[in-house]
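Participant: work_6.pdb (PDB, C-alpha atoms) pasted underneath:
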```
ATOM      1  CA  MET A  26       0.162  26.556 -18.641
ATOM      2  CA  GLN A  27      -0.510  24.002 -15.933
ATOM      3  CA  LEU A  28      -3.940  22.447 -15.556
ATOM      4  CA  SER A  29      -5.716  22.973 -12.263
ATOM      5  CA  LYS A  30      -5.981  20.004  -9.917
ATOM      6  CA  ASP A  31      -9.692  19.518 -10.654
ATOM      7  CA  LEU A  32      -9.226  19.622 -14.408
ATOM      8  CA  ALA A  33      -6.238  17.281 -14.211
ATOM      9  CA  ALA A  34      -8.343  14.788 -12.254
ATOM     10  CA  ALA A  35     -11.286  15.072 -14.643
ATOM     11  CA  SER A  36      -9.121  14.619 -17.709
ATOM     12  CA  ALA A  37      -7.238  11.588 -16.414
ATOM     13  CA  THR A  38      -9.780   9.004 -17.565
ATOM     14  CA  PRO A  39     -10.211  10.187 -21.171
ATOM     15  CA  LEU A  40      -6.452  10.714 -21.486
ATOM     16  CA  VAL A  41      -5.565   7.241 -20.270
ATOM     17  CA  LEU A  42      -8.287   5.646 -22.379
ATOM     18  CA  SER A  43      -7.168   7.560 -25.457
ATOM     19  CA  ILE A  44      -3.576   6.404 -24.957
ATOM     20  CA  LEU A  45      -4.714   2.798 -24.638
ATOM     21  CA  ARG A  46      -6.733   3.243 -27.823
ATOM     22  CA  GLN A  47      -3.390   3.477 -29.625
ATOM     23  CA  GLY A  48      -2.354   0.069 -28.300
ATOM     24  CA  ASP A  49      -1.774  -1.990 -25.165
ATOM     25  CA  SER A  50       0.533  -0.406 -22.641
ATOM     26  CA  TYR A  51       1.762  -0.522 -19.036
ATOM     27  CA  GLY A  52       1.800   2.043 -16.244
ATOM     28  CA  TYR A  53       5.252   3.547 -16.689
ATOM     29  CA  ASP A  54       4.829   3.811 -20.454
ATOM     30  CA  ILE A  55       1.398   5.447 -20.109
ATOM     31  CA  ILE A  56       2.882   8.101 -17.809
ATOM     32  CA  GLN A  57       5.694   8.831 -20.286
ATOM     33  CA  ARG A  58       3.195   9.143 -23.106
ATOM     34  CA  VAL A  59       0.994  11.516 -21.100
ATOM     35  CA  ARG A  60       4.089  13.590 -20.388
ATOM     36  CA  VAL A  61       5.030  13.788 -24.079
ATOM     37  CA  LEU A  62       1.441  14.431 -25.170
ATOM     38  CA  THR A  63       0.894  17.269 -22.729
ATOM     39  CA  GLU A  64       4.474  18.534 -23.078
ATOM     40  CA  GLY A  65       4.936  18.021 -19.349
ATOM     41  CA  GLN A  66       2.113  20.386 -18.444
ATOM     42  CA  LEU A  67      -0.145  17.808 -16.886
ATOM     43  CA  GLN A  68       1.572  16.941 -13.638
ATOM     44  CA  TRP A  69       0.468  14.180 -11.376
ATOM     45  CA  ALA A  70       2.520  12.024  -9.049
ATOM     46  CA  ASP A  71       3.475   8.919 -11.028
ATOM     47  CA  GLY A  72       2.008   6.627  -8.407
ATOM     48  CA  MET A  73      -1.446   8.166  -8.758
ATOM     49  CA  LEU A  74      -1.902   6.682 -12.231
ATOM     50  CA  TYR A  75      -2.198   3.156 -10.857
ATOM     51  CA  PRO A  76      -5.291   3.740  -8.735
ATOM     52  CA  ILE A  77      -6.867   5.313 -11.846
ATOM     53  CA  LEU A  78      -5.967   2.261 -13.921
ATOM     54  CA  HIS A  79      -7.314  -0.051 -11.230
ATOM     55  CA  ARG A  80     -10.591   1.880 -11.102
ATOM     56  CA  LEU A  81     -10.907   1.687 -14.880
ATOM     57  CA  GLU A  82     -10.272  -2.028 -14.676
ATOM     58  CA  LYS A  83     -12.924  -2.411 -11.999
ATOM     59  CA  ARG A  84     -15.399  -0.564 -14.210
ATOM     60  CA  LYS A  85     -14.398  -2.941 -17.053
ATOM     61  CA  LEU A  86     -13.257  -0.055 -19.226
ATOM     62  CA  VAL A  87      -9.818  -1.637 -19.508
ATOM     63  CA  GLU A  88      -8.596  -5.219 -19.251
ATOM     64  CA  SER A  89      -5.234  -6.349 -17.979
ATOM     65  CA  TYR A  90      -2.837  -9.218 -18.540
ATOM     66  CA  TRP A  91       0.650 -10.078 -17.353
ATOM     67  CA  GLY A  92       3.722 -10.070 -19.519
ATOM     68  CA  LYS A  93       7.435  -9.589 -19.040
ATOM     69  CA  SER A  94       9.723  -6.603 -19.347
ATOM     70  CA  GLU A  95      12.946  -6.711 -21.366
ATOM     71  CA  ALA A  96      14.745  -7.302 -18.072
ATOM     72  CA  GLY A  97      12.475 -10.261 -17.302
ATOM     73  CA  ARG A  98      10.374  -8.547 -14.631
ATOM     74  CA  LYS A  99       6.651  -9.228 -14.310
ATOM     75  CA  ARG A 100       4.786  -6.449 -16.054
ATOM     76  CA  LYS A 101       1.080  -5.671 -16.053
ATOM     77  CA  TYR A 102      -0.277  -4.554 -19.405
ATOM     78  CA  TYR A 103      -3.587  -2.819 -20.011
ATOM     79  CA  ARG A 104      -5.790  -2.896 -23.059
ATOM     80  CA  LEU A 105      -8.864  -0.864 -23.914
ATOM     81  CA  SER A 106     -12.086  -2.871 -23.721
ATOM     82  CA  GLU A 107     -15.161  -2.332 -25.894
ATOM     83  CA  ASN A 108     -16.852  -0.590 -22.976
ATOM     84  CA  GLY A 109     -13.762   1.571 -22.613
ATOM     85  CA  LEU A 110     -13.873   2.597 -26.255
ATOM     86  CA  ALA A 111     -17.568   3.520 -25.927
ATOM     87  CA  GLU A 112     -16.779   5.516 -22.765
ATOM     88  CA  LEU A 113     -13.888   7.266 -24.498
ATOM     89  CA  ASN A 114     -16.089   8.280 -27.443
ATOM     90  CA  GLN A 115     -18.769   9.529 -25.094
ATOM     91  CA  GLN A 116     -16.317  11.541 -22.981
ATOM     92  CA  HIS A 117     -14.714  12.926 -26.125
ATOM     93  CA  GLN A 118     -18.084  14.211 -27.303
ATOM     94  CA  GLN A 119     -18.835  15.677 -23.889
ATOM     95  CA  TRP A 120     -15.524  17.539 -23.743
ATOM     96  CA  GLN A 121     -16.093  18.885 -27.241
ATOM     97  CA  GLN A 122     -19.587  19.996 -26.295
ATOM     98  CA  LEU A 123     -18.286  21.712 -23.191
ATOM     99  CA  MET A 124     -15.540  23.375 -25.231
ATOM    100  CA  GLY A 125     -18.184  24.553 -27.744
ATOM    101  CA  TRP A 126     -20.320  26.080 -25.001
ATOM    102  CA  ILE A 127     -17.412  27.935 -23.454
ATOM    103  CA  THR A 128     -16.195  29.186 -26.849
ATOM    104  CA  ARG A 129     -19.687  30.389 -27.806
ATOM    105  CA  SER A 130     -20.062  32.156 -24.496
ATOM    106  CA  MET A 131     -16.657  33.797 -24.845
ATOM    107  CA  GLU A 132     -17.502  35.041 -28.338
ATOM    108  CA  ALA A 133     -20.773  36.640 -27.234
ATOM    109  CA  GLN A 134     -20.735  40.385 -26.771
ATOM    110  CA  PRO A 135     -20.715  41.608 -23.192
ATOM    111  CA  CYS A 136     -24.092  42.900 -22.020
ATOM    112  CA  SER A 137     -24.233  46.680 -21.909
ATOM    113  CA  ASN A 138     -26.231  47.785 -18.901
TER     114      ASN A 138
ATOM    115  CA  MET B   5      26.529   0.014   1.086
ATOM    116  CA  PHE B   6      23.259   0.843  -0.639
ATOM    117  CA  GLN B   7      21.279  -2.181  -1.799
ATOM    118  CA  LEU B   8      18.845  -1.218  -4.526
ATOM    119  CA  ASP B   9      16.704  -4.375  -4.456
ATOM    120  CA  LYS B  10      16.309  -4.179  -0.693
ATOM    121  CA  ALA B  11      15.416  -0.482  -0.828
ATOM    122  CA  VAL B  12      12.847  -1.124  -3.585
ATOM    123  CA  ASP B  13      11.309  -4.007  -1.607
ATOM    124  CA  GLU B  14      11.041  -1.955   1.578
ATOM    125  CA  TRP B  15       9.607   1.096  -0.140
ATOM    126  CA  CYS B  16       6.992  -0.913  -2.052
ATOM    127  CA  ASN B  17       6.015  -2.918   1.008
ATOM    128  CA  GLN B  18       5.012   0.238   2.840
ATOM    129  CA  ILE B  19       2.573   1.114   0.035
ATOM    130  CA  ILE B  20       1.078  -2.263  -0.740
ATOM    131  CA  GLU B  21      -0.579  -4.366   1.906
ATOM    132  CA  GLU B  22       0.516  -7.938   2.390
ATOM    133  CA  GLY B  23      -1.039 -10.479   0.071
ATOM    134  CA  SER B  24      -1.396  -8.114  -2.882
ATOM    135  CA  ALA B  25       1.359  -9.756  -4.909
ATOM    136  CA  GLU B  26       0.095  -8.365  -8.211
ATOM    137  CA  ALA B  27      -0.067  -4.778  -6.999
ATOM    138  CA  LEU B  28       3.401  -5.192  -5.511
ATOM    139  CA  ALA B  29       4.830  -6.517  -8.785
ATOM    140  CA  GLU B  30       3.257  -3.645 -10.697
ATOM    141  CA  LEU B  31       4.653  -1.000  -8.367
ATOM    142  CA  LYS B  32       8.098  -2.594  -8.376
ATOM    143  CA  ASP B  33       8.151  -2.710 -12.158
ATOM    144  CA  HIS B  34       7.407   1.003 -12.251
ATOM    145  CA  LEU B  35      10.057   1.831  -9.683
ATOM    146  CA  TYR B  36      12.732  -0.175 -11.504
ATOM    147  CA  CYS B  37      11.792   1.488 -14.824
ATOM    148  CA  GLU B  38      12.254   4.927 -13.286
ATOM    149  CA  VAL B  39      15.461   3.904 -11.504
ATOM    150  CA  ASP B  40      16.865   2.627 -14.841
ATOM    151  CA  ASN B  41      15.883   5.925 -16.424
ATOM    152  CA  GLN B  42      17.662   7.894 -13.692
ATOM    153  CA  LEU B  43      20.740   5.635 -13.846
ATOM    154  CA  ALA B  44      20.957   6.291 -17.579
ATOM    155  CA  GLN B  45      21.197   9.989 -16.740
ATOM    156  CA  GLY B  46      24.293   9.345 -14.675
ATOM    157  CA  LEU B  47      22.939   9.168 -11.118
ATOM    158  CA  THR B  48      24.226   6.675  -8.575
ATOM    159  CA  PRO B  49      21.853   3.827  -7.630
ATOM    160  CA  GLU B  50      20.986   5.554  -4.349
ATOM    161  CA  GLN B  51      20.327   8.920  -6.004
ATOM    162  CA  ALA B  52      18.325   7.181  -8.730
ATOM    163  CA  PHE B  53      16.217   5.407  -6.119
ATOM    164  CA  VAL B  54      15.528   8.628  -4.209
ATOM    165  CA  ALA B  55      14.602  10.493  -7.396
ATOM    166  CA  ALA B  56      12.345   7.646  -8.556
ATOM    167  CA  THR B  57      10.461   7.414  -5.260
ATOM    168  CA  GLU B  58      10.018  11.185  -5.161
ATOM    169  CA  LYS B  59       8.420  11.065  -8.595
ATOM    170  CA  LEU B  60       6.067   8.339  -7.446
ATOM    171  CA  GLY B  61       4.701  10.573  -4.722
ATOM    172  CA  ASP B  62       4.127  10.770  -0.994
ATOM    173  CA  PRO B  63       4.004   7.182   0.389
ATOM    174  CA  SER B  64       1.125   7.770   2.806
ATOM    175  CA  LYS B  65      -1.049   9.390   0.129
ATOM    176  CA  LEU B  66      -0.162   6.655  -2.326
ATOM    177  CA  ARG B  67      -1.020   3.982   0.169
ATOM    178  CA  ALA B  68      -4.427   5.535   0.782
ATOM    179  CA  GLU B  69      -5.082   5.905  -2.960
ATOM    180  CA  TRP B  70      -3.952   2.393  -3.832
ATOM    181  CA  HIS B  71      -6.271   0.934  -1.252
ATOM    182  CA  LYS B  72      -9.318   3.012  -2.132
ATOM    183  CA  ASN B  73     -10.166   0.478  -4.814
ATOM    184  CA  ARG B  74     -10.321  -2.382  -2.393
ATOM    185  CA  ASN B  75     -13.550  -3.416  -0.744
ATOM    186  CA  LEU B  76     -14.584  -2.094   2.645
ATOM    187  CA  PHE B  77     -13.385  -5.159   4.522
ATOM    188  CA  SER B  78      -9.918  -4.945   2.956
ATOM    189  CA  GLN B  79      -9.798  -1.224   3.645
ATOM    190  CA  ALA B  80     -10.628  -1.811   7.295
ATOM    191  CA  LEU B  81      -7.944  -4.500   7.515
ATOM    192  CA  CYS B  82      -5.505  -2.179   5.822
ATOM    193  CA  ARG B  83      -6.159   0.585   8.372
ATOM    194  CA  ILE B  84      -5.763  -1.835  11.262
ATOM    195  CA  ARG B  85      -2.462  -3.077   9.827
ATOM    196  CA  GLN B  86      -1.283   0.498   9.371
ATOM    197  CA  LEU B  87      -2.046   1.146  13.032
ATOM    198  CA  GLU B  88      -0.297  -2.054  14.044
ATOM    199  CA  THR B  89       2.758  -1.172  11.989
ATOM    200  CA  ASN B  90       2.970   2.206  13.679
ATOM    201  CA  ILE B  91       2.617   0.683  17.115
ATOM    202  CA  SER B  92       5.057  -2.159  16.532
ATOM    203  CA  ALA B  93       7.542   0.149  14.832
ATOM    204  CA  ARG B  94       7.439   2.439  17.853
ATOM    205  CA  TRP B  95       7.744  -0.446  20.271
ATOM    206  CA  ILE B  96      10.375  -2.649  18.828
ATOM    207  CA  ASP B  97      12.418  -0.651  16.417
ATOM    208  CA  HIS B  98      15.423  -0.656  18.661
ATOM    209  CA  LEU B  99      14.977  -3.934  20.486
ATOM    210  CA  SER B 100      17.402  -6.805  20.231
ATOM    211  CA  ALA B 101      16.289 -10.306  19.211
ATOM    212  CA  ASP B 102      16.376 -11.323  22.895
ATOM    213  CA  GLU B 103      14.059  -8.517  23.933
ATOM    214  CA  ILE B 104      11.683  -9.306  21.092
ATOM    215  CA  ALA B 105      11.626 -12.939  22.190
ATOM    216  CA  TYR B 106      10.773 -11.825  25.743
ATOM    217  CA  ARG B 107       7.941  -9.727  24.459
ATOM    218  CA  GLN B 108       6.607 -12.530  22.299
ATOM    219  CA  ILE B 109       6.477 -14.776  25.323
ATOM    220  CA  LEU B 110       4.837 -12.029  27.319
ATOM    221  CA  PHE B 111       2.221 -11.569  24.609
ATOM    222  CA  SER B 112       1.649 -15.321  24.507
ATOM    223  CA  LEU B 113       1.062 -15.311  28.277
ATOM    224  CA  ILE B 114      -1.365 -12.394  27.953
ATOM    225  CA  PHE B 115      -3.121 -14.306  25.177
ATOM    226  CA  ALA B 116      -3.445 -17.393  27.385
ATOM    227  CA  LEU B 117      -4.702 -15.249  30.254
ATOM    228  CA  LEU B 118      -7.304 -13.579  28.051
ATOM    229  CA  VAL B 119      -8.562 -16.955  26.835
ATOM    230  CA  LEU B 120      -8.802 -18.160  30.431
ATOM    231  CA  LEU B 121     -10.644 -15.031  31.574
ATOM    232  CA  SER B 122     -12.973 -15.320  28.591
ATOM    233  CA  SER B 123     -13.937 -18.848  29.470
ATOM    234  CA  LEU B 124     -14.597 -17.819  33.080
ATOM    235  CA  LEU B 125     -16.689 -14.875  31.930
ATOM    236  CA  LEU B 126     -18.679 -16.992  29.494
ATOM    237  CA  GLY B 127     -19.699 -19.249  32.328
ATOM    238  CA  HIS B 128     -21.552 -16.336  33.971
ATOM    239  CA  THR B 129     -23.463 -14.796  31.102
ATOM    240  CA  GLY B 130     -26.350 -15.592  28.824
ATOM    241  CA  TYR B 131     -25.076 -13.762  25.718
ATOM    242  CA  ASN B 132     -22.319 -16.206  24.978
ATOM    243  CA  GLU B 133     -22.062 -15.906  21.191
ATOM    244  CA  ALA B 134     -21.948 -12.120  21.042
ATOM    245  CA  ILE B 135     -19.405 -11.877  23.826
ATOM    246  CA  MET B 136     -17.390 -14.659  22.281
ATOM    247  CA  PHE B 137     -16.936 -12.644  19.079
ATOM    248  CA  VAL B 138     -15.795  -9.573  20.971
ATOM    249  CA  LEU B 139     -13.385 -11.613  23.034
ATOM    250  CA  MET B 140     -11.960 -13.354  19.980
ATOM    251  CA  GLY B 141     -11.010  -9.947  18.644
ATOM    252  CA  ILE B 142      -9.356  -9.021  21.914
ATOM    253  CA  TRP B 143      -7.399 -12.290  22.101
ATOM    254  CA  PHE B 144      -5.387 -11.512  19.016
ATOM    255  CA  ILE B 145      -4.382  -7.979  19.949
ATOM    256  CA  PRO B 146      -1.122  -9.062  21.646
ATOM    257  CA  PHE B 147      -0.081 -10.996  18.532
ATOM    258  CA  SER B 148      -1.113  -8.361  16.081
ATOM    259  CA  LEU B 149       1.203  -5.905  17.812
ATOM    260  CA  LEU B 150       4.112  -7.974  16.585
ATOM    261  CA  ALA B 151       2.610  -9.118  13.293
ATOM    262  CA  ASN B 152       4.326  -6.563  11.097
ATOM    263  CA  ALA B 153       7.600  -6.435  12.901
ATOM    264  CA  PRO B 154      10.439  -6.679  10.415
ATOM    265  CA  GLN B 155      12.568  -8.125  13.196
ATOM    266  CA  ALA B 156      10.251 -11.104  13.552
ATOM    267  CA  GLU B 157      12.605 -13.048  11.271
ATOM    268  CA  SER B 158      15.387 -12.683  13.772
ATOM    269  CA  VAL B 159      13.369 -14.434  16.471
ATOM    270  CA  THR B 160      14.123 -18.120  16.308
ATOM    271  CA  LEU B 161      12.757 -20.999  18.311
ATOM    272  CA  LYS B 162      16.154 -21.224  19.980
ATOM    273  CA  GLY B 163      15.936 -17.564  21.015
ATOM    274  CA  GLU B 164      12.461 -18.021  22.438
ATOM    275  CA  TRP B 165      13.541 -21.101  24.369
ATOM    276  CA  ALA B 166      16.543 -19.250  25.804
ATOM    277  CA  ALA B 167      14.303 -16.382  26.866
ATOM    278  CA  LEU B 168      11.809 -18.789  28.433
ATOM    279  CA  LYS B 169      14.616 -20.473  30.388
ATOM    280  CA  LYS B 170      15.768 -17.105  31.690
ATOM    281  CA  ILE B 171      12.229 -16.260  32.801
ATOM    282  CA  LEU B 172      11.885 -19.607  34.589
ATOM    283  CA  LEU B 173      15.258 -19.131  36.235
ATOM    284  CA  PHE B 174      14.289 -15.648  37.375
ATOM    285  CA  TRP B 175      10.958 -16.942  38.712
ATOM    286  CA  ARG B 176      12.694 -19.769  40.602
ATOM    287  CA  LYS B 177      15.250 -17.383  42.073
ATOM    288  CA  SER B 178      12.581 -14.966  43.261
ATOM    289  CA  LYS B 179      10.619 -17.911  44.718
ATOM    290  CA  ASP B 180      13.715 -19.189  46.557
ATOM    291  CA  LYS B 181      14.300 -15.665  47.868
ATOM    292  CA  LYS B 182      10.729 -15.483  49.168
ATOM    293  CA  ASP B 183      11.064 -18.891  50.874
ATOM    294  CA  TYR B 184      14.363 -17.758  52.370
ATOM    295  CA  ASP B 185      12.770 -14.497  53.631
ATOM    296  CA  HIS B 186      10.036 -16.499  55.340
TER     297      HIS B 186
END
```
Would you kindly transcribe this structure into structure tokens?
Facilitator:
Amino acid sequence: MQLSKDLAAASATPLVLSILRQGDSYGYDIIQRVRVLTEGQLQWADGMLYPILHRLEKRKLVESYWGKSEAGRKRKYYRLSENGLAELNQQHQQWQQLMGWITRSMEAQPCSN
Amino acid sequence: MFQLDKAVDEWCNQIIEEGSAEALAELKDHLYCEVDNQLAQGLTPEQAFVAATEKLGDPSKLRAEWHKNRNLFSQALCRIRQLETNISARWIDHLSADEIAYRQILFSLIFALLVLLSSLLLGHTGYNEAIMFVLMGIWFIPFSLLANAPQAESVTLKGEWAALKKILLFWRKSKDKKDYDH
């Protein structure tokens, strides 16, 4: 089941933050991990991850530093900041709350008019 | 013969505006990672490059997204450059180095003319500063049309000088002809 465009966009931030919570990473690796995590069901163009990362960096939710790839190329790594961790926890709670509301509503008996 | 590094450079340069070396390095790293991945699956370098760029997404959308994060001034500059690239690509894609040199000289002459006209105009108005700013913008239009031309490298001083000589020769010939006619 593929996520709708709106849901995919809304889930991008918590997903990226949660992946960085596991350890520092770089763009290509983050995309591969999202693919594995969602079993390929969350589809976005690879290039669209970078603007998301840059926005997170601007909001100080992630920090970046430069390293090198195995082939010696310049590589930009991202790490989760303290603000980012707080944001992740908050978003996690919000998603759970939303999920709870929807589940409760789905379990309620239909009104008989 | 397909040159992977050249293709990667060209593709990335159309997404990232000039001067954003870090963004360029980041995008290139991604592209090379994906190309390596595709090569490992048995594709040729050219096929791997095509597959990798397709996965990255539509270049024009990417360009717009990548530049959303920049401040308003940079965004405005980016749009202007995009426009310039389109114009210069349309104008000089198929021109030889000689023709480009001619056009550069022509643009230089227009530039000089605009500066001259500006100074004349400024002598007759009371709003000098405001008009000056507008005119300064106009002065650089001829140059900006060639700013992004990939062929700019092929224009050497020697080429420009040769073109200038030809123009002078042509001017002298037409002058001689006029004198002769009279």
Participant: Closest to Arg84 in chain A among A:Gly109, A:Gly48, A:Gly72, A:Gly65, using only C-alpha atoms?
Facilitator: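 Nearest to Arg84 in chain A: A:Gly109.
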Participant: Please produce, as a tab-separated table, a per-residue contact table for chain B versus chain A (criterion: any atom at most 8 Å away, all atoms listed in the file considered), showing the nearest atom pair and its distance in Å to one decimal, sorted by chain then residue number.
Facilitator:
```
residue	atom	partner	partner_atom	distance
B:Ala29	CA	A:Lys99	CA	6.4
B:Glu30	CA	A:Lys101	CA	6.1
B:Asp33	CA	A:Arg100	CA	6.4
B:His34	CA	A:Tyr53	CA	5.6
B:Cys37	CA	A:Tyr53	CA	7.1
B:Glu38	CA	A:Tyr53	CA	7.9
B:Lys59	CA	A:Asp71	CA	5.9
B:Leu60	CA	A:Asp71	CA	4.5
B:Gly61	CA	A:Ala70	CA	5.1
B:Leu66	CA	A:Gly72	CA	6.5
B:Glu69	CA	A:Pro76	CA	6.2
B:Trp70	CA	A:Pro76	CA	5.3
B:Lys72	CA	A:Pro76	CA	7.8
B:Asn73	CA	A:Arg80	CA	6.5
```
Participant: Grab all the atoms of range 84-94 of chain A that the file lists, wrap them in a box along x, y and z, add 6 Å per side, and give me centre plus edge lengths in Å (one decimal) as JSON.
Facilitator:
```
{"center_x": -2.8, "center_y": -5.1, "center_z": -16.9, "size_x": 37.1, "size_y": 22.0, "size_z": 17.3}
```
Participant: What's around Gln68 in chain A at 10 Å? Count only C-alpha atoms, leave out sequence neighbours fewer than 5 positions away in its own chain, and write the answer as a count of residues only.
Facilitator: 9
Participant: Please, what distance in Å, to one decimal, runs between CA of Ala27 in chain B and CA of Pro49 in chain B?
Facilitator: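 These atoms are spaced 23.6 Å apart.
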Participant: List the residues selected by the PyMOL selection byres ((chain A and resi 42) around 8) in the file shown, writing them as number ranges by chain.
Facilitator: A: 38-41, 43-46, 87, 105, 109-110, 113
Participant: Can you list, as a list in words, the residues that the PyMOL selection byres ((chain B and resi 56) around 9) selects here?
Facilitator: Leu35, Tyr36, Cys37, Glu38, Val39, Asn41, Gln42, Gln51, Ala52, Phe53, Val54, Ala55, Thr57, Glu58, Lys59 and Leu60 of chain B
Participant: Using the chain letters and numbers from the file, give me the residues hit by the PyMOL selection byres ((chain B and resi 171) around 12), as JSON, numbers by chain.
Facilitator: {"B": [102, 103, 105, 106, 107, 109, 110, 164, 165, 166, 167, 168, 169, 170, 172, 173, 174, 175, 176, 177, 178]}
Participant: Quick one, how far is CA of Leu8 in chain B from CA of Arg58 in chain A?
Facilitator: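 Pair CA of Leu8 in chain B / CA of Arg58 in chain A returns 26.4 Å.
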Participant: Please compute the CA of Arg104 in chain A-CA of Asp49 in chain A distance, one decimal, in Å.
Facilitator: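 Atom-to-atom, CA of Arg104 in chain A to CA of Asp49 in chain A, that is 4.6 Å.
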